[in-house]
Amino acid sequence: MMVKSGNIMKKINQTYFDLLTDAPWYTYERTVQQVVSQIVCLTDMPYASIVIQKNWNNMHGLIIEEYSPNTTETFRRKCTNQLKGFMNKMNNDMEEELDEKMFTFELNFNKKKQEIFHMIPLKISNITRGYLMCIHEKDRYTKEFMDELRKNTEQLLKTTQWINDNREKNDKNKFLFNLTSELYASTDQTYILQETISALEFIYPNFTYMLLLSQDHDADESLPIQMIEYSDDSTKRVSSDVFISGTTRMEKDEQGAGCLYTPLKGKQGVYGVLQIRVDTGVQLPEQEIQFITLFSNVIGEALENAMLYANSKHMAADLKFINEVTHKLNSNLKLPEIISVLKKQITSICKPTHIGFVFCPNEQYDKRKDIDVLQGSHAYFHTTRGQSFVKHMKDCALEQKSALFKADYQMETIPLPFRSMMSLPMIHADEILGLIIIGHEQSSAFSFGSYKLMRSLVQNTTLALTNSVLKDKLEHAVITDYLTKLYSRGYLDEKIALHMEIDTHGTLVLFDIDDFKHVNDSHGHHIGDQVIIQIASILKENTRENDIAARWGGEELALYLPHASIEEGVRLARRIRKKVESNTNPQVTLSSGVSSWSLMTNHNVKSLFIEADKSLYQAKEQGKNQVVYNV
């Protein structure tokens with residue numbers, strides 16, 4: 001029996017509107033579940049389902065079914081079997097056909113009444129398809145009603161998926177960031193325009209848009225791109241005004257629909273206008289207009305970058321070089337990685353025989369150093385002659401505040417292993433932060449073009465390199481003792497705890513300077529500090545690369561020996577005791593306590609220190625200047 005479907009469709013539309021309103025707060029699957037439930041409830045159909053392809057290789061990634069409360073278990077079982085049959089056909093030979101038209105079949109589930117099974121394809125997006133399947137009595141609903149149900153359901157799912165996709169990306173700012181990273185890496189104007197249209201189709205599938213550009217482009221003719229035209233026509237006049245003023249405007253077109261015009265603005269100019277048309281009655285919120293304006297600025301800057309590249313093809317290699325280095329250095333690289341990147345790029349361009357990376361600490365940062373040659377520099381710059389040359393270059397940079405480029409450079413006072421030379425100061429806030437010195441053993445080895453490129457490179461990487469140097473220095477300061485430059489007690493504790501987790505045994509030696517109070521009282525605290533520094537140097541000279549020497553507190557020092565037995569620790573402690581007694585001025589002696597751990601002793605960091613401290617106390621009690629250990 002035919003029903004009055006108009007009222008039912010109104011209820012469905014109202015329900016879909018409510019679901020769309022709630023969509024941002026719920027998962028996509030829950031919204032689809034609500035759609036199916038409401039179809040069954042409002043149409044009084046015994047069965048409805050929606051199958052959604054999540055991608056091309058997963059035909060039915062999401063299957064939602066709903067039955068009316070009155071359906072029997074037998075009916076449900078038959079529907080399930082019917083659905084399985086259609087799934088097999090969809091995965092085999094019917095996929096293309098199902099994408100084009102609705103299928104209707106008569107069922108024989110019930111002998112008392114004829115029922116119709118509809119299989120309705122839904123195009124949710126360019127890469128996502130869906131199918132609405134439902135059963136109702138024959139002649140209960142018209143084809144027009146089913147077409148309207150299809151259209152409205154398809155539109156709801158489209159919009160809901162768009163909302164869901166954007167929620168999964170956190171917010172539009174993340175989308176814009178990703179787009180920026182992609183477009184700024186390209187110098188192909190056609191690609192930028194294609195990606196712009198693709199992005200608009202993704203963000204605003206229900207709007208229409210046009211890119212009105214100020215210059216002709218060899219873009220795909222299928223793209224919505226036109227040249228800006230200047231005339232008295234209202235639409236063209238608005239786009240021209242926006243192009244000239246560089247401001248965003250919202251206007252009504254001749255049909256009464258809203259049109260948003262935003263300039264494609266770069267740093268050096270405006271390169272076109274983005275026109276977005278919205279349906280009559282649709283009001284764009286202010287935050288959406290702001291986002292579209294930011295979007296247009298990204299496109300404008302991307303186009304600007306591409307145009308500058310096109311106008312300067314002879315600089316293509318240089319621009320690529322700078323972009324690659326800047327991109328890498330902006331990836332939170334540590335200092336050795338930054339130096340490695342710079343060294344590799346400088347070598348590829350200039351092919352030098354010598355490269356020096358020099359940091360110039362200011363007095364507030366480090367009073368004891370005026371230059372610091374960084375690891376990664378050529379061995380020459382670590383020599384006495386090399387450091388004298390570096391200091392000379394620093395003085396020149398401080399005086400001239402500019403780079404130095406010499407095709408045949410020689411010094412009377414300092415023999416140089418190179419003839420061609422570039423000295424490139426790293427200047428920030430009018431302060432010399434460091435130098436990059438590039439040399440070649442042959443004269444006239446560097447072109448003026450390579451010099452300009454290297455100068456640009458240094459200007460672009462100064463802040464990243466300096467920040468990394470300061471970060472490394474700060475991290476080192478946090479884990480080291482200021483006076484002795486040994487590791488701090490906290491760092492020692494952390495390393496021993498880590499070592500106990502991953503290894504099998506180790507040994508700890510605690511040292512205490514005998515009668516240190518007498519040294520301070522007799523000679524003063526300054527001399528006491530010098531004694532501690534002397535002993536710290538002896539510890540450094542007598543330890544392996546993986547050993548950890550630390551200042552435990554006051555006049556107490558510690559030495560942790562990974563993988564060492566207690567016998568090895570005792571031998572080393574005795575050797576250090578003898579060296580301290582013979583090589584300190586004023587002469588002092590050490591008392592030492594040694595402890596060890598292994599997997600069999602079930603030690604922890606605290607108990608390891610307690611054992612060593614007990615042995616140290618015994619050494620003091622037994623007359624000092626000796627090594628005590630307990631097995």
# chains A, B, ... in the order shown; residues from 1 in each chain; ligands from 1
call {"tool": "select_by_dssp", "arguments": {"residues": "stretch 99-268 of chain A", "states": "strand (DSSP E)", "output": "VMD selection string"}}
result
chain A and resid 103 to 107 115 to 123 129 to 137 208 to 213 225 to 227 249 to 252 258 to 265
call {"tool": "residues_around", "arguments": {"residues": "stretch 298-300 of chain A", "least_positions_apart": "4", "cutoff": "7 Å", "atoms": "only C-alpha atoms", "output": "JSON, numbers by chain"}}
result
{"A": [180, 264, 265, 266, 270, 271, 294, 304]}
call {"tool": "residues_around", "arguments": {"residues": "A:Pro562", "least_positions_apart": "6", "cutoff": "12 Å", "atoms": "only C-alpha atoms", "output": "list in words"}}
result
Leu492, Lys495, Ile496, Ala497, Leu498, His499, Met500, Ile502, Asp503, Thr504, His505, Gly506, Thr507, Leu508, Val509, Thr543, Arg544, Glu545, Asn546, Asp547, Ile548, Ala549, Glu568, Gly569, Ser596, Trp597 and Ser598 of chain A
call {"tool": "residues_around", "arguments": {"residues": "stretch 400-413 of chain A", "least_positions_apart": "3", "cutoff": "10 Å", "atoms": "only C-alpha atoms", "output": "PyMOL selection string"}}
result
chain A and resi 385+388-389+393-397+416-427+430-432+435-448+451-452+455
call {"tool": "closest_residue", "arguments": {"among": "A:Ile39, A:Ala536, A:Met227, A:Ile197", "to": "A:Ala550", "atoms": "only C-alpha atoms"}}
result
A:Ala536
